[in-house]
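S.K.: The structure that follows is given in the form of structure tokens.
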Amino acid sequence: MSKQHQAIKDMTLIAICAAILFVQQLALSFLPNIQFSTLLIVLYTKVLGFKKTTFIITIHVLVVNFFSPFGSLIPIYIPAMFIAWMIIPVLLTTVFKHLNHAFELSLFGLFFGFIYGWVFVPFSVFFLDVPLMEYILMDLPFEMLMAISNFVTILWLYDILKKLLQEQTQRYYLEK
Amino acid sequence: MMKSILLKLAMTLVVLFAAYFGFMLLSTDNNAQEQGHIRLVIVDENDDTVFDGQLIYHEDDTFFDVLNRAFDLTCANGQYQEDPTCTYTFPMIPTNEKVVLNIKGDTFEIKTNWQDTFLAFEYYDGASYRLFSQGVNSLSYTDKSHIRIKVTAVGQTS
């Protein structure tokens, strides 16, 4: 496969994965913080690697913020959201690169639910003047929901989806 | 295979039970335990005090009940448009909440639109006013509590 052909295939795969990430988040947006985003980003990191996942997250953050039918988010939250999602590929390819089992990853997802919320704290407090303690207290139930959602979805779906994505990507790259 | 599924099921149940108790801890019942009165101050967009008086509450009242009895309220519906009937309740966590947009008394009226302005609910801690971390349905108050409602611009510190 030529380098150019490989690049086109990579771009297509990144676009499809970003679209799946965006659509599921939109479809589940009526349920606060219950989504498959963490599961998918963990899956993309483990199967597609750091570089492709970074592109997927970049597209996802831009699309969610600019093209969401529910309106764009506050601009200052764009870097917060990007940093928060990037924690997954950064940690899973460095300090936590040995986490491979669904159980270990689901515990990672459980803690990530809280970390995701905390990344937004300095942006809200310093740029939007939101009171620190009130914000942390109000955000706690939403962090708990995300943590549970991450834990349950990764625990039950990670192994099945990993197998499926690995098979499909292998077939995809073998086809001319 | 069966063992793995049972283990996953057990872990899921443990996390769900832990979460349930977590939410129970967060969702404290802040309805009034007995009859009493509170001091309420209402401040408009120009920082002028338009109301400063005592409101009586009864057993089991939420703060919304106290306000609704004393004033004409306009709440937000699901699309944050004005709803004078105040029937819509937002499915918030851990308790459902109403969003009050306008308050009309005998001698004053304050209006907000949620996009640019909102009503900040604050309590006096003896030295200064501090924002409540609960909504109007679940904010906690006791006899002689001093509460302020202030028209606040979005992004403005209280």
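Residues in the structure tokens are named by chain (A, B, ... in the order shown) and by number from 1 within that chain; ligands are numbered from 1 in the order shown.
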Show me which bits of chain A are within 10 Å of chain B, counting only C-alpha atoms, as a short mmCIF file (atom, residue, chain, number, x, y, z; two decimals) with C-alpha atoms, in the first residue's frame.

M.R.:
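Everything below was put into selection_14.cif:
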```cif
data_model
loop_
_atom_site.label_atom_id
_atom_site.label_comp_id
_atom_site.auth_asym_id
_atom_site.auth_seq_id
_atom_site.Cartn_x
_atom_site.Cartn_y
_atom_site.Cartn_z
CA LEU A 31 -29.35 11.97 29.66
CA PRO A 32 -26.91 14.13 31.67
CA ALA A 102 -11.95 -4.58 30.86
CA PHE A 103 -12.01 -4.58 34.67
CA LEU A 110 -14.71 5.31 37.03
CA SER A 124 -14.97 28.06 35.31
CA PHE A 127 -12.38 32.78 33.50
CA LEU A 128 -16.09 32.78 34.35
CA ASP A 129 -15.82 33.80 38.01
CA VAL A 130 -17.95 30.87 39.12
CA PRO A 131 -17.59 30.36 42.91
CA MET A 133 -17.05 25.47 46.30
CA GLU A 134 -20.53 25.94 44.85
CA TYR A 135 -19.32 24.73 41.45
CA ILE A 136 -17.59 21.64 42.88
CA LEU A 137 -20.66 20.74 44.95
CA MET A 138 -23.08 21.21 42.07
CA ASP A 139 -20.89 19.26 39.66
CA LEU A 140 -20.41 16.27 41.97
CA PRO A 141 -23.66 14.45 41.05
CA PHE A 142 -22.85 14.84 37.35
CA MET A 144 -20.79 10.53 39.75
CA LEU A 145 -23.15 9.84 36.86
CA ALA A 147 -18.15 7.73 36.55
CA ILE A 148 -20.88 5.08 36.81
CA SER A 149 -21.67 5.33 33.11
CA PHE A 151 -17.54 1.96 34.61
CA VAL A 152 -20.58 0.04 33.41
CA THR A 153 -20.10 0.64 29.67
CA LEU A 155 -16.89 -3.30 31.90
CA TRP A 156 -19.62 -4.78 29.70
#
```

S.K.: Which polymer residues have any atom within 6 Å of an atom of Gly113 in chain A, counting only C-alpha atoms, with same-chain residues fewer than 2 positions away left out, as a list in words?

M.R.: Leu110, Phe111, Ile115, Tyr116, Glu143, Met146 and Ala147 of chain A

S.K.: Pull the alpha helix (DSSP H) assignments for range 4-133 of chain B out of DSSP run on the backbone, and list those residues as a short mmCIF file (atom, residue, chain, number, x, y, z; two decimals) with all heavy atoms, in the first residue's frame.

M.R.:
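Generated file (selection26.cif):
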```cif
data_model
loop_
_atom_site.label_atom_id
_atom_site.label_comp_id
_atom_site.auth_asym_id
_atom_site.auth_seq_id
_atom_site.Cartn_x
_atom_site.Cartn_y
_atom_site.Cartn_z
N SER B 4 -17.02 -15.13 34.65
CA SER B 4 -16.67 -13.75 34.28
C SER B 4 -17.92 -12.86 34.27
O SER B 4 -17.88 -11.72 34.74
CB SER B 4 -15.99 -13.78 32.91
OG SER B 4 -16.04 -12.53 32.33
N ILE B 5 -19.00 -13.39 33.71
CA ILE B 5 -20.25 -12.61 33.66
C ILE B 5 -20.78 -12.34 35.07
O ILE B 5 -21.20 -11.22 35.39
CB ILE B 5 -21.32 -13.32 32.79
CG1 ILE B 5 -20.88 -13.29 31.33
CG2 ILE B 5 -22.69 -12.69 32.95
CD1 ILE B 5 -21.73 -14.08 30.38
N LEU B 6 -20.71 -13.37 35.92
CA LEU B 6 -21.19 -13.20 37.31
C LEU B 6 -20.35 -12.16 38.05
O LEU B 6 -20.88 -11.35 38.81
CB LEU B 6 -21.15 -14.54 38.05
CG LEU B 6 -22.27 -15.52 37.70
CD1 LEU B 6 -22.06 -16.86 38.39
CD2 LEU B 6 -23.64 -14.94 38.07
N LEU B 7 -19.02 -12.19 37.79
CA LEU B 7 -18.12 -11.22 38.43
C LEU B 7 -18.45 -9.80 37.97
O LEU B 7 -18.53 -8.87 38.78
CB LEU B 7 -16.67 -11.57 38.08
CG LEU B 7 -15.59 -10.79 38.82
CD1 LEU B 7 -15.60 -11.13 40.31
CD2 LEU B 7 -14.22 -11.08 38.23
N LYS B 8 -18.69 -9.66 36.67
CA LYS B 8 -19.03 -8.34 36.12
C LYS B 8 -20.35 -7.84 36.72
O LYS B 8 -20.51 -6.67 37.07
CB LYS B 8 -19.17 -8.41 34.60
CG LYS B 8 -17.84 -8.40 33.87
CD LYS B 8 -18.07 -8.39 32.38
CE LYS B 8 -16.76 -8.45 31.63
NZ LYS B 8 -16.94 -8.43 30.17
N LEU B 9 -21.29 -8.77 36.83
CA LEU B 9 -22.60 -8.43 37.38
C LEU B 9 -22.47 -7.97 38.83
O LEU B 9 -23.06 -6.95 39.23
CB LEU B 9 -23.51 -9.67 37.29
CG LEU B 9 -25.01 -9.43 37.28
CD1 LEU B 9 -25.42 -8.58 36.08
CD2 LEU B 9 -25.75 -10.76 37.25
N ALA B 10 -21.65 -8.70 39.58
CA ALA B 10 -21.45 -8.36 40.99
C ALA B 10 -20.80 -6.98 41.11
O ALA B 10 -21.23 -6.15 41.92
CB ALA B 10 -20.58 -9.42 41.66
N MET B 11 -19.79 -6.72 40.28
CA MET B 11 -19.10 -5.42 40.35
C MET B 11 -20.03 -4.28 39.94
O MET B 11 -20.01 -3.21 40.53
CB MET B 11 -17.86 -5.44 39.46
CG MET B 11 -16.75 -6.29 40.06
SD MET B 11 -15.19 -6.14 39.22
CE MET B 11 -15.60 -6.59 37.58
N THR B 12 -20.86 -4.54 38.94
CA THR B 12 -21.81 -3.52 38.50
C THR B 12 -22.78 -3.19 39.62
O THR B 12 -23.06 -2.01 39.89
CB THR B 12 -22.59 -4.01 37.26
OG1 THR B 12 -21.65 -4.40 36.28
CG2 THR B 12 -23.51 -2.94 36.70
N LEU B 13 -23.27 -4.24 40.30
CA LEU B 13 -24.21 -4.01 41.40
C LEU B 13 -23.56 -3.24 42.54
O LEU B 13 -24.18 -2.33 43.11
CB LEU B 13 -24.76 -5.35 41.90
CG LEU B 13 -25.75 -6.04 40.96
CD1 LEU B 13 -26.16 -7.41 41.48
CD2 LEU B 13 -27.00 -5.18 40.76
N VAL B 14 -22.30 -3.57 42.84
CA VAL B 14 -21.59 -2.86 43.92
C VAL B 14 -21.49 -1.37 43.59
O VAL B 14 -21.80 -0.50 44.42
CB VAL B 14 -20.17 -3.47 44.14
CG1 VAL B 14 -19.32 -2.56 45.02
CG2 VAL B 14 -20.28 -4.85 44.77
N VAL B 15 -21.09 -1.07 42.35
CA VAL B 15 -20.94 0.34 41.94
C VAL B 15 -22.30 1.05 41.95
O VAL B 15 -22.42 2.18 42.41
CB VAL B 15 -20.27 0.43 40.56
CG1 VAL B 15 -20.36 1.83 39.98
CG2 VAL B 15 -18.81 0.03 40.67
N LEU B 16 -23.34 0.38 41.47
CA LEU B 16 -24.67 0.99 41.43
C LEU B 16 -25.20 1.26 42.84
O LEU B 16 -25.78 2.31 43.10
CB LEU B 16 -25.66 0.13 40.64
CG LEU B 16 -25.42 0.07 39.13
CD1 LEU B 16 -26.44 -0.85 38.45
CD2 LEU B 16 -25.49 1.45 38.49
N PHE B 17 -24.97 0.31 43.76
CA PHE B 17 -25.40 0.52 45.16
C PHE B 17 -24.64 1.68 45.78
O PHE B 17 -25.21 2.52 46.47
CB PHE B 17 -25.22 -0.75 45.99
CG PHE B 17 -26.41 -1.67 45.91
CD1 PHE B 17 -26.28 -2.95 45.38
CD2 PHE B 17 -27.67 -1.26 46.35
CE1 PHE B 17 -27.38 -3.80 45.28
CE2 PHE B 17 -28.77 -2.10 46.26
CZ PHE B 17 -28.63 -3.37 45.72
N ALA B 18 -23.31 1.72 45.53
CA ALA B 18 -22.48 2.81 46.07
C ALA B 18 -22.99 4.15 45.54
O ALA B 18 -23.10 5.13 46.28
CB ALA B 18 -21.02 2.60 45.70
N ALA B 19 -23.32 4.18 44.25
CA ALA B 19 -23.81 5.41 43.63
C ALA B 19 -25.16 5.81 44.24
O ALA B 19 -25.41 6.99 44.51
CB ALA B 19 -23.95 5.22 42.13
N TYR B 20 -26.02 4.81 44.47
CA TYR B 20 -27.34 5.08 45.04
C TYR B 20 -27.19 5.76 46.41
O TYR B 20 -27.84 6.77 46.69
CB TYR B 20 -28.12 3.77 45.17
CG TYR B 20 -29.44 3.92 45.88
CD1 TYR B 20 -30.53 4.50 45.23
CD2 TYR B 20 -29.59 3.51 47.20
CE1 TYR B 20 -31.74 4.66 45.88
CE2 TYR B 20 -30.79 3.67 47.86
CZ TYR B 20 -31.87 4.24 47.21
OH TYR B 20 -33.06 4.40 47.86
N PHE B 21 -26.29 5.21 47.24
CA PHE B 21 -26.09 5.80 48.56
C PHE B 21 -25.44 7.18 48.46
O PHE B 21 -25.75 8.07 49.24
CB PHE B 21 -25.28 4.86 49.46
CG PHE B 21 -26.09 3.68 49.93
CD1 PHE B 21 -25.79 2.40 49.50
CD2 PHE B 21 -27.18 3.86 50.76
CE1 PHE B 21 -26.56 1.30 49.91
CE2 PHE B 21 -27.97 2.79 51.17
CZ PHE B 21 -27.65 1.51 50.74
N GLY B 22 -24.57 7.34 47.46
CA GLY B 22 -23.96 8.65 47.22
C GLY B 22 -25.01 9.69 46.89
O GLY B 22 -25.03 10.79 47.45
N PHE B 23 -25.94 9.32 46.00
CA PHE B 23 -27.01 10.25 45.62
C PHE B 23 -27.96 10.52 46.79
O PHE B 23 -28.44 11.62 46.96
CB PHE B 23 -27.79 9.71 44.42
CG PHE B 23 -27.06 9.91 43.12
CD1 PHE B 23 -26.73 8.83 42.33
CD2 PHE B 23 -26.69 11.17 42.69
CE1 PHE B 23 -26.03 9.01 41.13
CE2 PHE B 23 -26.00 11.36 41.51
CZ PHE B 23 -25.68 10.29 40.73
N MET B 24 -28.19 9.48 47.61
CA MET B 24 -29.05 9.67 48.79
C MET B 24 -28.43 10.68 49.74
O MET B 24 -29.12 11.51 50.32
CB MET B 24 -29.25 8.33 49.53
CG MET B 24 -30.12 7.33 48.78
SD MET B 24 -31.82 7.87 48.66
CE MET B 24 -32.39 7.56 50.30
N LEU B 25 -27.10 10.61 49.89
CA LEU B 25 -26.41 11.55 50.77
C LEU B 25 -26.51 12.98 50.24
O LEU B 25 -26.67 13.93 51.00
CB LEU B 25 -24.93 11.18 50.88
CG LEU B 25 -24.56 10.10 51.88
CD1 LEU B 25 -23.07 9.76 51.77
CD2 LEU B 25 -24.87 10.58 53.30
N LEU B 26 -26.41 13.11 48.92
CA LEU B 26 -26.46 14.44 48.31
C LEU B 26 -27.86 15.04 48.30
O LEU B 26 -28.02 16.25 48.34
CB LEU B 26 -25.93 14.38 46.87
CG LEU B 26 -24.42 14.14 46.72
CD1 LEU B 26 -24.07 13.88 45.27
CD2 LEU B 26 -23.65 15.35 47.22
N PHE B 63 -38.53 26.30 49.66
CA PHE B 63 -38.36 27.74 49.53
C PHE B 63 -39.21 28.27 48.37
O PHE B 63 -39.72 29.38 48.41
CB PHE B 63 -36.88 28.10 49.34
CG PHE B 63 -36.65 29.58 49.34
CD1 PHE B 63 -36.81 30.32 50.50
CD2 PHE B 63 -36.30 30.25 48.18
CE1 PHE B 63 -36.63 31.69 50.51
CE2 PHE B 63 -36.11 31.63 48.19
CZ PHE B 63 -36.28 32.35 49.35
N PHE B 64 -39.37 27.43 47.33
CA PHE B 64 -40.21 27.83 46.21
C PHE B 64 -41.65 28.05 46.68
O PHE B 64 -42.31 29.01 46.27
CB PHE B 64 -40.18 26.76 45.10
CG PHE B 64 -41.12 27.06 43.97
CD1 PHE B 64 -40.76 27.95 42.97
CD2 PHE B 64 -42.38 26.47 43.91
CE1 PHE B 64 -41.63 28.27 41.94
CE2 PHE B 64 -43.25 26.77 42.89
CZ PHE B 64 -42.88 27.66 41.90
N ASP B 65 -42.16 27.17 47.57
CA ASP B 65 -43.52 27.32 48.10
C ASP B 65 -43.68 28.67 48.82
O ASP B 65 -44.69 29.35 48.67
CB ASP B 65 -43.85 26.19 49.09
CG ASP B 65 -43.87 24.83 48.43
OD1 ASP B 65 -44.21 24.77 47.23
OD2 ASP B 65 -43.54 23.84 49.12
N VAL B 66 -42.65 29.02 49.59
CA VAL B 66 -42.70 30.28 50.36
C VAL B 66 -42.77 31.48 49.40
O VAL B 66 -43.60 32.37 49.56
CB VAL B 66 -41.44 30.41 51.27
CG1 VAL B 66 -41.50 31.69 52.09
CG2 VAL B 66 -41.32 29.20 52.17
N LEU B 67 -41.91 31.44 48.37
CA LEU B 67 -41.90 32.54 47.39
C LEU B 67 -43.21 32.60 46.62
O LEU B 67 -43.78 33.67 46.39
CB LEU B 67 -40.78 32.30 46.37
CG LEU B 67 -39.37 32.78 46.68
CD1 LEU B 67 -38.50 32.59 45.46
CD2 LEU B 67 -39.37 34.25 47.10
N ASN B 68 -43.68 31.44 46.22
CA ASN B 68 -44.89 31.36 45.38
C ASN B 68 -46.12 31.87 46.12
O ASN B 68 -47.03 32.44 45.51
CB ASN B 68 -45.09 29.90 44.94
CG ASN B 68 -45.94 29.80 43.69
OD1 ASN B 68 -46.02 30.75 42.91
ND2 ASN B 68 -46.58 28.67 43.52
N ARG B 69 -46.12 31.70 47.43
CA ARG B 69 -47.25 32.16 48.23
C ARG B 69 -47.22 33.69 48.37
O ARG B 69 -48.25 34.34 48.38
CB ARG B 69 -47.21 31.50 49.62
CG ARG B 69 -48.54 31.55 50.34
CD ARG B 69 -48.48 30.88 51.70
NE ARG B 69 -48.08 29.49 51.63
CZ ARG B 69 -47.00 28.97 52.21
NH1 ARG B 69 -46.20 29.73 52.92
NH2 ARG B 69 -46.73 27.70 52.09
N ALA B 70 -46.02 34.25 48.46
CA ALA B 70 -45.89 35.68 48.73
C ALA B 70 -45.92 36.54 47.47
O ALA B 70 -46.32 37.70 47.53
CB ALA B 70 -44.59 35.93 49.49
#
```

S.K.: So how many Å separate CA of Lys104 in chain B and CA of Gly53 in chain B, to one decimal?

M.R.: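 So the two atoms, CA of Lys104 in chain B and CA of Gly53 in chain B, lie 14.5 Å apart.
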
S.K.: Env of range 121-123 of chain B: 7 Å cut, atoms = only C-alpha atoms, seq-sep filter 2 positions within chain, self excluded. Answer as a PDB file with all heavy atoms, in the first residue's frame.

M.R.:
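Saved result, part-v8.pdb, follows:
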```pdb
ATOM      1  N   LEU B 119     -31.578  34.991  38.390  1.00  0.00           N
ATOM      2  CA  LEU B 119     -31.756  35.312  39.805  1.00  0.00           C
ATOM      3  C   LEU B 119     -30.762  34.493  40.628  1.00  0.00           C
ATOM      4  O   LEU B 119     -30.790  33.265  40.587  1.00  0.00           O
ATOM      5  CB  LEU B 119     -33.185  34.999  40.254  1.00  0.00           C
ATOM      6  CG  LEU B 119     -34.290  35.848  39.624  1.00  0.00           C
ATOM      7  CD1 LEU B 119     -35.660  35.387  40.135  1.00  0.00           C
ATOM      8  CD2 LEU B 119     -34.097  37.327  39.950  1.00  0.00           C
ATOM      9  N   ASP B 125     -24.225  34.839  55.833  1.00  0.00           N
ATOM     10  CA  ASP B 125     -23.554  33.979  56.829  1.00  0.00           C
ATOM     11  C   ASP B 125     -23.068  34.766  58.049  1.00  0.00           C
ATOM     12  O   ASP B 125     -22.238  34.280  58.816  1.00  0.00           O
ATOM     13  CB  ASP B 125     -22.398  33.204  56.173  1.00  0.00           C
ATOM     14  CG  ASP B 125     -21.263  34.108  55.708  1.00  0.00           C
ATOM     15  OD1 ASP B 125     -21.363  35.343  55.892  1.00  0.00           O
ATOM     16  OD2 ASP B 125     -20.285  33.586  55.152  1.00  0.00           O
ATOM     17  N   TYR B 129     -22.857  37.797  51.905  1.00  0.00           N
ATOM     18  CA  TYR B 129     -23.789  36.909  51.205  1.00  0.00           C
ATOM     19  C   TYR B 129     -22.995  35.858  50.427  1.00  0.00           C
ATOM     20  O   TYR B 129     -21.994  36.184  49.789  1.00  0.00           O
ATOM     21  CB  TYR B 129     -24.655  37.707  50.236  1.00  0.00           C
ATOM     22  CG  TYR B 129     -25.723  38.536  50.913  1.00  0.00           C
ATOM     23  CD1 TYR B 129     -25.563  39.901  51.094  1.00  0.00           C
ATOM     24  CD2 TYR B 129     -26.893  37.945  51.373  1.00  0.00           C
ATOM     25  CE1 TYR B 129     -26.532  40.671  51.717  1.00  0.00           C
ATOM     26  CE2 TYR B 129     -27.878  38.700  52.000  1.00  0.00           C
ATOM     27  CZ  TYR B 129     -27.692  40.065  52.173  1.00  0.00           C
ATOM     28  OH  TYR B 129     -28.661  40.802  52.797  1.00  0.00           O
ATOM     29  N   ARG B 130     -23.465  34.617  50.500  1.00  0.00           N
ATOM     30  CA  ARG B 130     -22.824  33.533  49.762  1.00  0.00           C
ATOM     31  C   ARG B 130     -23.875  32.820  48.926  1.00  0.00           C
ATOM     32  O   ARG B 130     -25.012  32.666  49.346  1.00  0.00           O
ATOM     33  CB  ARG B 130     -22.164  32.530  50.709  1.00  0.00           C
ATOM     34  CG  ARG B 130     -21.020  33.142  51.526  1.00  0.00           C
ATOM     35  CD  ARG B 130     -20.326  32.077  52.363  1.00  0.00           C
ATOM     36  NE  ARG B 130     -19.757  31.035  51.516  1.00  0.00           N
ATOM     37  CZ  ARG B 130     -18.555  31.119  50.948  1.00  0.00           C
ATOM     38  NH1 ARG B 130     -17.818  32.199  51.128  1.00  0.00           N
ATOM     39  NH2 ARG B 130     -18.102  30.136  50.205  1.00  0.00           N
ATOM     40  N   LEU B 131     -23.464  32.381  47.739  1.00  0.00           N
ATOM     41  CA  LEU B 131     -24.406  31.704  46.844  1.00  0.00           C
ATOM     42  C   LEU B 131     -24.833  30.357  47.411  1.00  0.00           C
ATOM     43  O   LEU B 131     -24.012  29.622  47.961  1.00  0.00           O
ATOM     44  CB  LEU B 131     -23.739  31.437  45.491  1.00  0.00           C
ATOM     45  CG  LEU B 131     -23.849  32.491  44.402  1.00  0.00           C
ATOM     46  CD1 LEU B 131     -23.036  32.029  43.202  1.00  0.00           C
ATOM     47  CD2 LEU B 131     -25.294  32.715  43.990  1.00  0.00           C
ATOM     48  N   PHE B 132     -26.099  30.041  47.256  1.00  0.00           N
ATOM     49  CA  PHE B 132     -26.560  28.694  47.583  1.00  0.00           C
ATOM     50  C   PHE B 132     -26.024  27.735  46.523  1.00  0.00           C
ATOM     51  O   PHE B 132     -25.881  28.106  45.353  1.00  0.00           O
ATOM     52  CB  PHE B 132     -28.093  28.629  47.543  1.00  0.00           C
ATOM     53  CG  PHE B 132     -28.760  29.056  48.816  1.00  0.00           C
ATOM     54  CD1 PHE B 132     -29.393  30.284  48.900  1.00  0.00           C
ATOM     55  CD2 PHE B 132     -28.774  28.221  49.923  1.00  0.00           C
ATOM     56  CE1 PHE B 132     -30.020  30.687  50.068  1.00  0.00           C
ATOM     57  CE2 PHE B 132     -29.398  28.606  51.098  1.00  0.00           C
ATOM     58  CZ  PHE B 132     -30.025  29.844  51.168  1.00  0.00           C
ATOM     59  N   HIS B 146     -31.599  34.485  56.674  1.00  0.00           N
ATOM     60  CA  HIS B 146     -31.553  35.755  55.933  1.00  0.00           C
ATOM     61  C   HIS B 146     -31.145  35.407  54.497  1.00  0.00           C
ATOM     62  O   HIS B 146     -30.026  34.955  54.265  1.00  0.00           O
ATOM     63  CB  HIS B 146     -30.532  36.670  56.620  1.00  0.00           C
ATOM     64  CG  HIS B 146     -30.365  37.999  55.975  1.00  0.00           C
ATOM     65  ND1 HIS B 146     -29.735  39.046  56.591  1.00  0.00           N
ATOM     66  CD2 HIS B 146     -30.729  38.476  54.758  1.00  0.00           C
ATOM     67  CE1 HIS B 146     -29.711  40.086  55.785  1.00  0.00           C
ATOM     68  NE2 HIS B 146     -30.308  39.757  54.663  1.00  0.00           N
ATOM     69  N   ILE B 147     -32.074  35.585  53.582  1.00  0.00           N
ATOM     70  CA  ILE B 147     -31.848  35.167  52.188  1.00  0.00           C
ATOM     71  C   ILE B 147     -31.992  36.374  51.261  1.00  0.00           C
ATOM     72  O   ILE B 147     -32.866  37.224  51.477  1.00  0.00           O
ATOM     73  CB  ILE B 147     -32.851  34.051  51.801  1.00  0.00           C
ATOM     74  CG1 ILE B 147     -32.554  32.784  52.625  1.00  0.00           C
ATOM     75  CG2 ILE B 147     -32.779  33.731  50.302  1.00  0.00           C
ATOM     76  CD1 ILE B 147     -33.565  31.680  52.489  1.00  0.00           C
ATOM     77  N   ARG B 148     -31.119  36.421  50.252  1.00  0.00           N
ATOM     78  CA  ARG B 148     -31.204  37.518  49.278  1.00  0.00           C
ATOM     79  C   ARG B 148     -31.372  36.935  47.881  1.00  0.00           C
ATOM     80  O   ARG B 148     -30.707  35.968  47.511  1.00  0.00           O
ATOM     81  CB  ARG B 148     -29.934  38.368  49.328  1.00  0.00           C
ATOM     82  CG  ARG B 148     -29.986  39.554  48.373  1.00  0.00           C
ATOM     83  CD  ARG B 148     -28.847  40.526  48.622  1.00  0.00           C
ATOM     84  NE  ARG B 148     -27.599  40.046  48.060  1.00  0.00           N
ATOM     85  CZ  ARG B 148     -26.486  40.795  47.968  1.00  0.00           C
ATOM     86  NH1 ARG B 148     -26.476  42.025  48.434  1.00  0.00           N
ATOM     87  NH2 ARG B 148     -25.390  40.289  47.446  1.00  0.00           N
ATOM     88  N   ILE B 149     -32.266  37.545  47.119  1.00  0.00           N
ATOM     89  CA  ILE B 149     -32.428  37.190  45.707  1.00  0.00           C
ATOM     90  C   ILE B 149     -31.984  38.402  44.908  1.00  0.00           C
ATOM     91  O   ILE B 149     -32.494  39.506  45.110  1.00  0.00           O
ATOM     92  CB  ILE B 149     -33.897  36.837  45.379  1.00  0.00           C
ATOM     93  CG1 ILE B 149     -34.372  35.666  46.240  1.00  0.00           C
ATOM     94  CG2 ILE B 149     -34.034  36.481  43.902  1.00  0.00           C
ATOM     95  CD1 ILE B 149     -35.859  35.363  46.096  1.00  0.00           C
ATOM     96  N   LYS B 150     -31.036  38.179  44.015  1.00  0.00           N
ATOM     97  CA  LYS B 150     -30.442  39.310  43.327  1.00  0.00           C
ATOM     98  C   LYS B 150     -30.426  39.091  41.816  1.00  0.00           C
ATOM     99  O   LYS B 150     -30.015  38.019  41.350  1.00  0.00           O
ATOM    100  CB  LYS B 150     -28.998  39.484  43.833  1.00  0.00           C
ATOM    101  CG  LYS B 150     -28.320  40.737  43.383  1.00  0.00           C
ATOM    102  CD  LYS B 150     -26.909  40.793  43.946  1.00  0.00           C
ATOM    103  CE  LYS B 150     -26.202  42.010  43.394  1.00  0.00           C
ATOM    104  NZ  LYS B 150     -24.782  41.962  43.594  1.00  0.00           N
TER     105      LYS B 150
END
```

S.K.: To one decimal in Å, tell me the separation between CA of Asn102 in chain B and CA of Leu132 in chain A.

M.R.: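 About the pair CA of Asn102 in chain B and CA of Leu132 in chain A: they are 26.8 Å apart.
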
S.K.: What is the CA of Ile154 in chain A-CA of Ser106 in chain A distance in Å, reported with one decimal?

M.R.: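 If I compute the distance from CA of Ile154 in chain A to CA of Ser106 in chain A, I get 5.1 Å.
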
S.K.: Skip Val151 in chain B itself and residues of its chain fewer than 2 positions away, then list as number ranges by chain all residues within 9 Å of it, counting only C-alpha atoms.

M.R.: B: 42-47, 110-112, 117-120, 149, 153
